[in-house]
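S.K.: What follows is a single structure, and I will ask about it in a moment.
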Amino acid sequence: MMRSALGIWIVSTLVCLGHHHLGYAQEAQDTAPDSRASMVTSANKEFAYRLYKKLAAHADSQGKNIFFSPVSVSVALAALSVGARGQTHQQLFSGLGFNTSQLAQADVNQAFRTLLDKTDSTSREDTSEGTAVFVDNRFKPEAEFLEVLKQFYFAEGFNVDFTQTTESANTINKYVSDKTNGKIDKLVENLDQNTVMYLLSYIYYKGKWARPFQPELTVEDMFNVDKNTKVPVQMMNMEDNFDSYYDLAINTTVLHLPFNSSYSMLLLMPDNMATLENAICPSHVTKWLKWMKTKRYELFVPKFSIKTSYKLNDVLTEMGMTDMFGDSADLSGISGGQNLVVSEVVHQATLDVDEAGATASAATGIGITLMSYQPMRVLKFDRPFMVVITDRNTKNVLFMGKIINPNI
């Protein structure tokens, strides 16, 4: 029997930031609600680093910038799990790091809703986040599936005619473009006429530096892509007090740049990138933020804009989420009367960093300690470095990546 195609599209922009989360009704475990929520939060953090390592190791990523939103991916896959059953559901839970013996779908749903509610309680002037479901006119999903997406994911629903492939793609692309202020304007390029549903997660956040750089101090400089390659960049400059940490265990300098919110950008410049990538885990961010010291630096950070695009089918398969892409897919919670299979999981993200801030996320205050009597330290990000955008309070990783070449 031919299976209908179900597309999962994940959108992020790093003007960009936000949270999403979901699930479907099941009996909750005896574990205390706070404990179950903590399990989901911990799993989300671990998932961010596992997914990064898979992307970094993938052949398509070699020598390229990496940038993605683990939160956006988690939201879309958790939303999909609402309609998954049997082994397909177990694989999604396992791949996301959820303990199936201690967490029911209802626990996951509630944990994500709580996180989303917390985000909604903050200023939304420069934030746009959510999920959407585009359903073909001929397809009738289970009412419970749509209700759970609406209740826990705050999903918007739309009817389209997927046989009109160009018109449907334009409808989805316009929706995404509107939600991301034009940062992602062509998510969908080709649509299969067998498509019956698109499930979409988007995140957009524009953060302003707590202390902006002065444009008149930005000058052209060189960035060392590798030992043999240099490229010109616009290098921002500032002399001030910054929170930083040098991690001796992995020989990495960590700089903390806060936004005007609870979000912060961490810039990680290692002596050896492979050592950092192999070692990094959630406890590192917790340690760095706890033990950072304020020092005075002459700081140099490149100004750049990057855009990444990933087809995650192979990566998610390597993480154990295999059945949803093939004949063994059990998505009967979406529609019990029709066999469904996931056709693609696609992720796009953008990051813009300039003197005013990052079309990204974050913000926290930094203590000022006058050290003018000491020799001026220079901290210059003129070679490949990692970027982590995190909520300083919860340590949730909203975006992360690696800048190999700021010009591409």
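Ligands are numbered from 1 in the order shown, residues from 1 within each chain, and chains are lettered A, B, ... in the order they appear in the structure tokens.
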As a PyMOL selection string, which residues of region 101-318 of chain A does DSSP assign to alpha helix (DSSP H)?
M.R.: chain A and resi 105-120+143-153+165-179+273-279+282-291+313-318
S.K.: For the residues in that selection, give me C-alpha atoms as a PDB file, in the first residue's frame.
M.R.:
```
ATOM      1  CA  GLN A 105       3.761  11.619  26.574  1.00  0.00           C
ATOM      2  CA  ALA A 106       1.552  13.729  28.841  1.00  0.00           C
ATOM      3  CA  ASP A 107       4.603  14.574  30.983  1.00  0.00           C
ATOM      4  CA  VAL A 108       6.572  15.676  27.930  1.00  0.00           C
ATOM      5  CA  ASN A 109       3.643  17.752  26.701  1.00  0.00           C
ATOM      6  CA  GLN A 110       3.229  19.549  29.994  1.00  0.00           C
ATOM      7  CA  ALA A 111       6.937  20.222  30.390  1.00  0.00           C
ATOM      8  CA  PHE A 112       7.115  21.842  26.964  1.00  0.00           C
ATOM      9  CA  ARG A 113       3.971  23.851  27.550  1.00  0.00           C
ATOM     10  CA  THR A 114       5.413  25.143  30.829  1.00  0.00           C
ATOM     11  CA  LEU A 115       8.598  26.248  29.097  1.00  0.00           C
ATOM     12  CA  LEU A 116       6.608  27.945  26.365  1.00  0.00           C
ATOM     13  CA  ASP A 117       4.408  29.694  28.909  1.00  0.00           C
ATOM     14  CA  LYS A 118       7.520  31.038  30.633  1.00  0.00           C
ATOM     15  CA  THR A 119       8.766  32.422  27.336  1.00  0.00           C
ATOM     16  CA  ASP A 120       5.373  33.976  26.636  1.00  0.00           C
ATOM     17  CA  ALA A 143      -9.294  15.338  16.238  1.00  0.00           C
ATOM     18  CA  GLU A 144      -7.308  14.457  19.393  1.00  0.00           C
ATOM     19  CA  PHE A 145      -3.990  14.930  17.564  1.00  0.00           C
ATOM     20  CA  LEU A 146      -4.931  18.424  16.412  1.00  0.00           C
ATOM     21  CA  GLU A 147      -6.333  19.348  19.817  1.00  0.00           C
ATOM     22  CA  VAL A 148      -3.143  18.347  21.630  1.00  0.00           C
ATOM     23  CA  LEU A 149      -1.011  20.335  19.185  1.00  0.00           C
ATOM     24  CA  LYS A 150      -3.227  23.347  19.743  1.00  0.00           C
ATOM     25  CA  GLN A 151      -3.331  22.997  23.539  1.00  0.00           C
ATOM     26  CA  PHE A 152       0.327  22.210  24.220  1.00  0.00           C
ATOM     27  CA  TYR A 153       2.099  23.562  21.137  1.00  0.00           C
ATOM     28  CA  THR A 165       2.242  22.090  -5.354  1.00  0.00           C
ATOM     29  CA  THR A 166       3.473  25.551  -6.315  1.00  0.00           C
ATOM     30  CA  GLU A 167       0.594  27.354  -4.627  1.00  0.00           C
ATOM     31  CA  SER A 168       0.946  25.245  -1.460  1.00  0.00           C
ATOM     32  CA  ALA A 169       4.698  25.857  -1.275  1.00  0.00           C
ATOM     33  CA  ASN A 170       4.120  29.591  -1.687  1.00  0.00           C
ATOM     34  CA  THR A 171       1.538  29.538   1.122  1.00  0.00           C
ATOM     35  CA  ILE A 172       3.936  27.812   3.533  1.00  0.00           C
ATOM     36  CA  ASN A 173       6.877  30.001   2.514  1.00  0.00           C
ATOM     37  CA  LYS A 174       4.898  33.207   3.027  1.00  0.00           C
ATOM     38  CA  TYR A 175       3.792  32.024   6.470  1.00  0.00           C
ATOM     39  CA  VAL A 176       7.372  31.246   7.497  1.00  0.00           C
ATOM     40  CA  SER A 177       8.686  34.494   6.031  1.00  0.00           C
ATOM     41  CA  ASP A 178       6.087  36.514   7.933  1.00  0.00           C
ATOM     42  CA  LYS A 179       6.908  34.733  11.197  1.00  0.00           C
ATOM     43  CA  MET A 273      38.408  22.471  17.757  1.00  0.00           C
ATOM     44  CA  ALA A 274      38.099  18.670  17.641  1.00  0.00           C
ATOM     45  CA  THR A 275      38.941  18.403  21.349  1.00  0.00           C
ATOM     46  CA  LEU A 276      36.218  20.908  22.236  1.00  0.00           C
ATOM     47  CA  GLU A 277      33.614  19.300  19.964  1.00  0.00           C
ATOM     48  CA  ASN A 278      34.239  15.823  21.352  1.00  0.00           C
ATOM     49  CA  ALA A 279      34.099  16.944  24.981  1.00  0.00           C
ATOM     50  CA  PRO A 282      25.650  20.540  29.344  1.00  0.00           C
ATOM     51  CA  SER A 283      27.801  20.604  32.476  1.00  0.00           C
ATOM     52  CA  HIS A 284      30.369  22.776  30.692  1.00  0.00           C
ATOM     53  CA  VAL A 285      27.923  25.677  30.229  1.00  0.00           C
ATOM     54  CA  THR A 286      26.825  25.401  33.866  1.00  0.00           C
ATOM     55  CA  LYS A 287      30.453  25.457  35.018  1.00  0.00           C
ATOM     56  CA  TRP A 288      31.461  28.346  32.763  1.00  0.00           C
ATOM     57  CA  LEU A 289      28.598  30.595  33.811  1.00  0.00           C
ATOM     58  CA  LYS A 290      29.205  29.826  37.479  1.00  0.00           C
ATOM     59  CA  TRP A 291      32.960  30.360  37.566  1.00  0.00           C
ATOM     60  CA  ASN A 313      16.795  12.365   7.706  1.00  0.00           C
ATOM     61  CA  ASP A 314      20.201  10.637   7.847  1.00  0.00           C
ATOM     62  CA  VAL A 315      21.269  12.326  11.089  1.00  0.00           C
ATOM     63  CA  LEU A 316      18.052  11.389  12.909  1.00  0.00           C
ATOM     64  CA  THR A 317      18.265   7.851  11.546  1.00  0.00           C
ATOM     65  CA  GLU A 318      21.783   7.595  13.028  1.00  0.00           C
TER      66      GLU A 318
END
```
S.K.: Which residues of region 137-231 of chain A have any atom within 8 Å of an atom in region 334-347 of chain A when counting only C-alpha atoms, and what is the closest pair of atoms for each, with the distance in Å to one decimal? Order the rows by chain and rising number and write it as a Markdown table.
M.R.:
```
| residue | atom | partner | partner_atom | distance |
| --- | --- | --- | --- | --- |
| A:Lys140 | CA | A:Ser335 | CA | 7.2 |
| A:Pro141 | CA | A:Ser335 | CA | 5.0 |
| A:Glu142 | CA | A:Ser335 | CA | 5.3 |
| A:Phe145 | CA | A:Ile334 | CA | 5.8 |
```
S.K.: Grab the residues selected above and save them as a short mmCIF file (atom, residue, chain, number, x, y, z; two decimals), in the first residue's frame with N, CA and C atoms.
M.R.:
```cif
data_model
loop_
_atom_site.label_atom_id
_atom_site.label_comp_id
_atom_site.auth_asym_id
_atom_site.auth_seq_id
_atom_site.Cartn_x
_atom_site.Cartn_y
_atom_site.Cartn_z
N LYS A 140 -8.13 13.87 6.67
CA LYS A 140 -8.82 14.14 7.93
C LYS A 140 -8.00 13.58 9.10
N PRO A 141 -7.20 14.40 9.75
CA PRO A 141 -6.43 13.93 10.91
C PRO A 141 -7.35 13.64 12.09
N GLU A 142 -6.81 12.87 13.04
CA GLU A 142 -7.54 12.60 14.27
C GLU A 142 -7.75 13.91 15.03
N PHE A 145 -5.34 14.51 17.96
CA PHE A 145 -3.99 14.93 17.56
C PHE A 145 -3.95 16.45 17.38
#
```
S.K.: Counting only C-alpha atoms, which of A:Leu96, A:Ala37, A:Ala48, A:Leu379 gets nearest to Met319 (chain A)?
M.R.: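 Among the listed residues, A:Leu96 lies closest to Met319 (chain A).
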S.K.: Give me the residues near Gly130 (chain A) as a list in words, where near means some atom within 7 Å (using only C-alpha atoms) and where sequence neighbours in that chain fewer than 4 positions away do not count.
M.R.: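 Returned residues: His20, Phe154, Ala155, Ser201, Tyr202 and Ile203 of chain A.
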S.K.: Within 9 Å of Met269 (chain A), counting only C-alpha atoms, which residues qualify if same-chain residues fewer than 3 places away don't, as a VMD selection string?
M.R.: chain A and resid 251 to 255 272 to 273 276 381 383 to 386
S.K.: Can you spit out the residues from that selection as a PDB file, in the first residue's frame, using N, CA and C atoms?
M.R.:
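Output (part.pdb):
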```
ATOM      1  N   ASN A 251      41.296  23.289  27.077  1.00  0.00           N
ATOM      2  CA  ASN A 251      42.077  24.377  26.474  1.00  0.00           C
ATOM      3  C   ASN A 251      41.219  25.297  25.611  1.00  0.00           C
ATOM      4  N   THR A 252      40.181  25.849  26.231  1.00  0.00           N
ATOM      5  CA  THR A 252      39.218  26.692  25.509  1.00  0.00           C
ATOM      6  C   THR A 252      38.955  27.988  26.263  1.00  0.00           C
ATOM      7  N   THR A 253      39.022  29.105  25.555  1.00  0.00           N
ATOM      8  CA  THR A 253      38.645  30.403  26.107  1.00  0.00           C
ATOM      9  C   THR A 253      37.160  30.629  25.875  1.00  0.00           C
ATOM     10  N   VAL A 254      36.442  31.004  26.919  1.00  0.00           N
ATOM     11  CA  VAL A 254      34.994  31.229  26.851  1.00  0.00           C
ATOM     12  C   VAL A 254      34.707  32.683  27.174  1.00  0.00           C
ATOM     13  N   LEU A 255      34.000  33.376  26.277  1.00  0.00           N
ATOM     14  CA  LEU A 255      33.595  34.767  26.490  1.00  0.00           C
ATOM     15  C   LEU A 255      32.087  34.843  26.616  1.00  0.00           C
ATOM     16  N   ASN A 272      42.202  23.547  20.148  1.00  0.00           N
ATOM     17  CA  ASN A 272      41.948  22.483  19.181  1.00  0.00           C
ATOM     18  C   ASN A 272      40.446  22.256  19.088  1.00  0.00           C
ATOM     19  N   MET A 273      39.858  22.546  17.917  1.00  0.00           N
ATOM     20  CA  MET A 273      38.408  22.471  17.757  1.00  0.00           C
ATOM     21  C   MET A 273      37.879  21.060  17.984  1.00  0.00           C
ATOM     22  N   LEU A 276      37.404  20.248  21.680  1.00  0.00           N
ATOM     23  CA  LEU A 276      36.218  20.908  22.236  1.00  0.00           C
ATOM     24  C   LEU A 276      34.949  20.206  21.786  1.00  0.00           C
ATOM     25  N   PHE A 381      38.752  37.052  18.225  1.00  0.00           N
ATOM     26  CA  PHE A 381      38.131  35.889  17.599  1.00  0.00           C
ATOM     27  C   PHE A 381      38.396  35.944  16.095  1.00  0.00           C
ATOM     28  N   ARG A 383      39.843  33.266  14.375  1.00  0.00           N
ATOM     29  CA  ARG A 383      39.974  31.909  13.861  1.00  0.00           C
ATOM     30  C   ARG A 383      38.720  31.140  14.273  1.00  0.00           C
ATOM     31  N   PRO A 384      38.478  29.940  13.737  1.00  0.00           N
ATOM     32  CA  PRO A 384      37.218  29.237  14.013  1.00  0.00           C
ATOM     33  C   PRO A 384      36.866  29.149  15.493  1.00  0.00           C
ATOM     34  N   PHE A 385      35.588  29.427  15.770  1.00  0.00           N
ATOM     35  CA  PHE A 385      35.104  29.389  17.149  1.00  0.00           C
ATOM     36  C   PHE A 385      33.685  28.847  17.177  1.00  0.00           C
ATOM     37  N   MET A 386      33.268  28.388  18.352  1.00  0.00           N
ATOM     38  CA  MET A 386      31.897  27.914  18.538  1.00  0.00           C
ATOM     39  C   MET A 386      31.030  29.008  19.137  1.00  0.00           C
TER      40      MET A 386
END
```
S.K.: When distances are computed from only C-alpha atoms, which of A:Phe162, A:Tyr205, A:Phe300, A:Tyr310 shows the smallest separation from Ala56 (chain A)?
M.R.: A:Tyr310
S.K.: Let's see if you can do this: from backbone DSSP, list all strand (DSSP E) residues in region 177-244 of chain A, as a PyMOL selection string.
M.R.: chain A and resi 195-205+207-208+219-226+229-244
S.K.: Next, the residues of the selection above should be written as an mmCIF file, in the first residue's frame with N, CA and C atoms.
M.R.:
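The resulting file, out_7.cif, is reproduced below:
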```cif
data_model
loop_
_atom_site.group_PDB
_atom_site.id
_atom_site.type_symbol
_atom_site.label_atom_id
_atom_site.label_comp_id
_atom_site.auth_asym_id
_atom_site.auth_seq_id
_atom_site.Cartn_x
_atom_site.Cartn_y
_atom_site.Cartn_z
ATOM 1 N N THR A 195 1.827 14.509 -0.559
ATOM 2 C CA THR A 195 1.871 15.142 0.757
ATOM 3 C C THR A 195 0.457 15.405 1.265
ATOM 4 N N VAL A 196 0.222 15.070 2.541
ATOM 5 C CA VAL A 196 -1.086 15.325 3.143
ATOM 6 C C VAL A 196 -0.994 16.263 4.337
ATOM 7 N N MET A 197 0.228 16.456 4.868
ATOM 8 C CA MET A 197 0.357 17.328 6.034
ATOM 9 C C MET A 197 1.783 17.853 6.137
ATOM 10 N N TYR A 198 1.916 19.106 6.565
ATOM 11 C CA TYR A 198 3.211 19.658 6.951
ATOM 12 C C TYR A 198 3.111 20.169 8.382
ATOM 13 N N LEU A 199 4.034 19.703 9.191
ATOM 14 C CA LEU A 199 4.134 20.135 10.585
ATOM 15 C C LEU A 199 5.372 21.012 10.695
ATOM 16 N N LEU A 200 5.190 22.220 11.190
ATOM 17 C CA LEU A 200 6.250 23.209 11.121
ATOM 18 C C LEU A 200 6.504 23.848 12.481
ATOM 19 N N SER A 201 7.774 24.019 12.814
ATOM 20 C CA SER A 201 8.178 24.716 14.030
ATOM 21 C C SER A 201 9.058 25.887 13.637
ATOM 22 N N TYR A 202 8.773 27.067 14.172
ATOM 23 C CA TYR A 202 9.591 28.239 13.836
ATOM 24 C C TYR A 202 9.983 28.975 15.107
ATOM 25 N N ILE A 203 11.118 29.644 15.052
ATOM 26 C CA ILE A 203 11.617 30.433 16.175
ATOM 27 C C ILE A 203 12.323 31.666 15.617
ATOM 28 N N TYR A 204 12.019 32.804 16.171
ATOM 29 C CA TYR A 204 12.682 34.047 15.760
ATOM 30 C C TYR A 204 12.915 34.897 17.000
ATOM 31 N N TYR A 205 14.122 35.382 17.156
ATOM 32 C CA TYR A 205 14.390 36.293 18.260
ATOM 33 C C TYR A 205 15.463 37.294 17.853
ATOM 34 N N GLY A 207 17.981 39.914 19.517
ATOM 35 C CA GLY A 207 18.528 40.357 20.786
ATOM 36 C C GLY A 207 19.494 41.510 20.618
ATOM 37 N N LYS A 208 19.430 42.462 21.521
ATOM 38 C CA LYS A 208 20.346 43.598 21.518
ATOM 39 C C LYS A 208 21.382 43.401 22.617
ATOM 40 N N VAL A 219 36.586 47.803 11.826
ATOM 41 C CA VAL A 219 37.525 47.969 10.714
ATOM 42 C C VAL A 219 37.726 46.624 10.017
ATOM 43 N N GLU A 220 38.234 46.673 8.801
ATOM 44 C CA GLU A 220 38.522 45.434 8.085
ATOM 45 C C GLU A 220 39.742 44.757 8.696
ATOM 46 N N ASP A 221 39.646 43.444 8.840
ATOM 47 C CA ASP A 221 40.738 42.648 9.408
ATOM 48 C C ASP A 221 40.711 41.291 8.712
ATOM 49 N N MET A 222 41.620 40.404 9.109
ATOM 50 C CA MET A 222 41.693 39.085 8.489
ATOM 51 C C MET A 222 41.249 38.015 9.476
ATOM 52 N N PHE A 223 40.536 37.006 8.959
ATOM 53 C CA PHE A 223 40.079 35.869 9.740
ATOM 54 C C PHE A 223 40.775 34.628 9.197
ATOM 55 N N ASN A 224 41.395 33.855 10.095
ATOM 56 C CA ASN A 224 42.166 32.668 9.699
ATOM 57 C C ASN A 224 41.255 31.445 9.644
ATOM 58 N N VAL A 225 40.750 31.129 8.465
ATOM 59 C CA VAL A 225 39.881 29.962 8.299
ATOM 60 C C VAL A 225 40.644 28.681 8.655
ATOM 61 N N ASP A 226 41.882 28.568 8.147
ATOM 62 C CA ASP A 226 42.784 27.480 8.503
ATOM 63 C C ASP A 226 44.206 27.981 8.301
ATOM 64 N N THR A 229 44.418 29.528 4.736
ATOM 65 C CA THR A 229 43.349 30.367 4.186
ATOM 66 C C THR A 229 43.002 31.508 5.133
ATOM 67 N N LYS A 230 43.062 32.714 4.608
ATOM 68 C CA LYS A 230 42.624 33.903 5.339
ATOM 69 C C LYS A 230 41.552 34.601 4.515
ATOM 70 N N VAL A 231 40.555 35.160 5.201
ATOM 71 C CA VAL A 231 39.506 35.911 4.505
ATOM 72 C C VAL A 231 39.306 37.251 5.212
ATOM 73 N N PRO A 232 38.962 38.306 4.459
ATOM 74 C CA PRO A 232 38.717 39.605 5.087
ATOM 75 C C PRO A 232 37.371 39.626 5.808
ATOM 76 N N VAL A 233 37.321 40.266 6.970
ATOM 77 C CA VAL A 233 36.077 40.422 7.719
ATOM 78 C C VAL A 233 36.001 41.839 8.270
ATOM 79 N N GLN A 234 34.794 42.255 8.606
ATOM 80 C CA GLN A 234 34.594 43.490 9.347
ATOM 81 C C GLN A 234 34.689 43.139 10.823
ATOM 82 N N MET A 235 35.740 43.597 11.488
ATOM 83 C CA MET A 235 36.011 43.213 12.869
ATOM 84 C C MET A 235 35.544 44.306 13.828
ATOM 85 N N MET A 236 34.589 43.958 14.680
ATOM 86 C CA MET A 236 34.112 44.884 15.705
ATOM 87 C C MET A 236 35.130 44.944 16.840
ATOM 88 N N ASN A 237 35.166 46.066 17.543
ATOM 89 C CA ASN A 237 36.168 46.255 18.581
ATOM 90 C C ASN A 237 35.564 46.988 19.777
ATOM 91 N N MET A 238 35.971 46.567 20.976
ATOM 92 C CA MET A 238 35.517 47.230 22.196
ATOM 93 C C MET A 238 36.531 46.977 23.298
ATOM 94 N N GLU A 239 36.791 47.990 24.097
ATOM 95 C CA GLU A 239 37.620 47.837 25.288
ATOM 96 C C GLU A 239 36.719 47.993 26.498
ATOM 97 N N ASP A 240 36.606 46.929 27.288
ATOM 98 C CA ASP A 240 35.680 46.975 28.422
ATOM 99 C C ASP A 240 35.947 45.769 29.323
ATOM 100 N N ASN A 241 35.147 45.664 30.376
ATOM 101 C CA ASN A 241 35.216 44.515 31.270
ATOM 102 C C ASN A 241 34.242 43.438 30.787
ATOM 103 N N PHE A 242 34.710 42.203 30.708
ATOM 104 C CA PHE A 242 33.890 41.090 30.239
ATOM 105 C C PHE A 242 34.063 39.895 31.162
ATOM 106 N N ASP A 243 32.998 39.114 31.261
ATOM 107 C CA ASP A 243 33.089 37.850 31.979
ATOM 108 C C ASP A 243 33.689 36.804 31.049
ATOM 109 N N SER A 244 34.696 36.097 31.534
ATOM 110 C CA SER A 244 35.348 35.081 30.720
ATOM 111 C C SER A 244 35.825 33.941 31.602
#
```
S.K.: Compile the contact shell of Pro70 (chain A) as a list in words: residues with an atom at most 8 Å away, counting only C-alpha atoms, same-chain residues fewer than 5 positions apart removed.
M.R.: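 Counting only C-alpha atoms, the residues come to Asn44, Phe47, Ala48, Leu51, Val397, Leu398, Phe399 and Met400 of chain A.
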S.K.: Give me, please, the distance in Å between CA of Asn181 (chain A) and CA of Leu312 (chain A), quoted to one decimal.
M.R.: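 It comes out at 24.3 Å.
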S.K.: Do you have the CA of Phe213 (chain A)-CA of Ser72 (chain A) distance handy?
M.R.: 29.1 Å
S.K.: What separation in Å, quoted to one decimal, exists between CA of Gly95 (chain A) and CA of Leu77 (chain A)?
M.R.: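 CA of Leu77 (chain A) lies 9.5 Å from CA of Gly95 (chain A).
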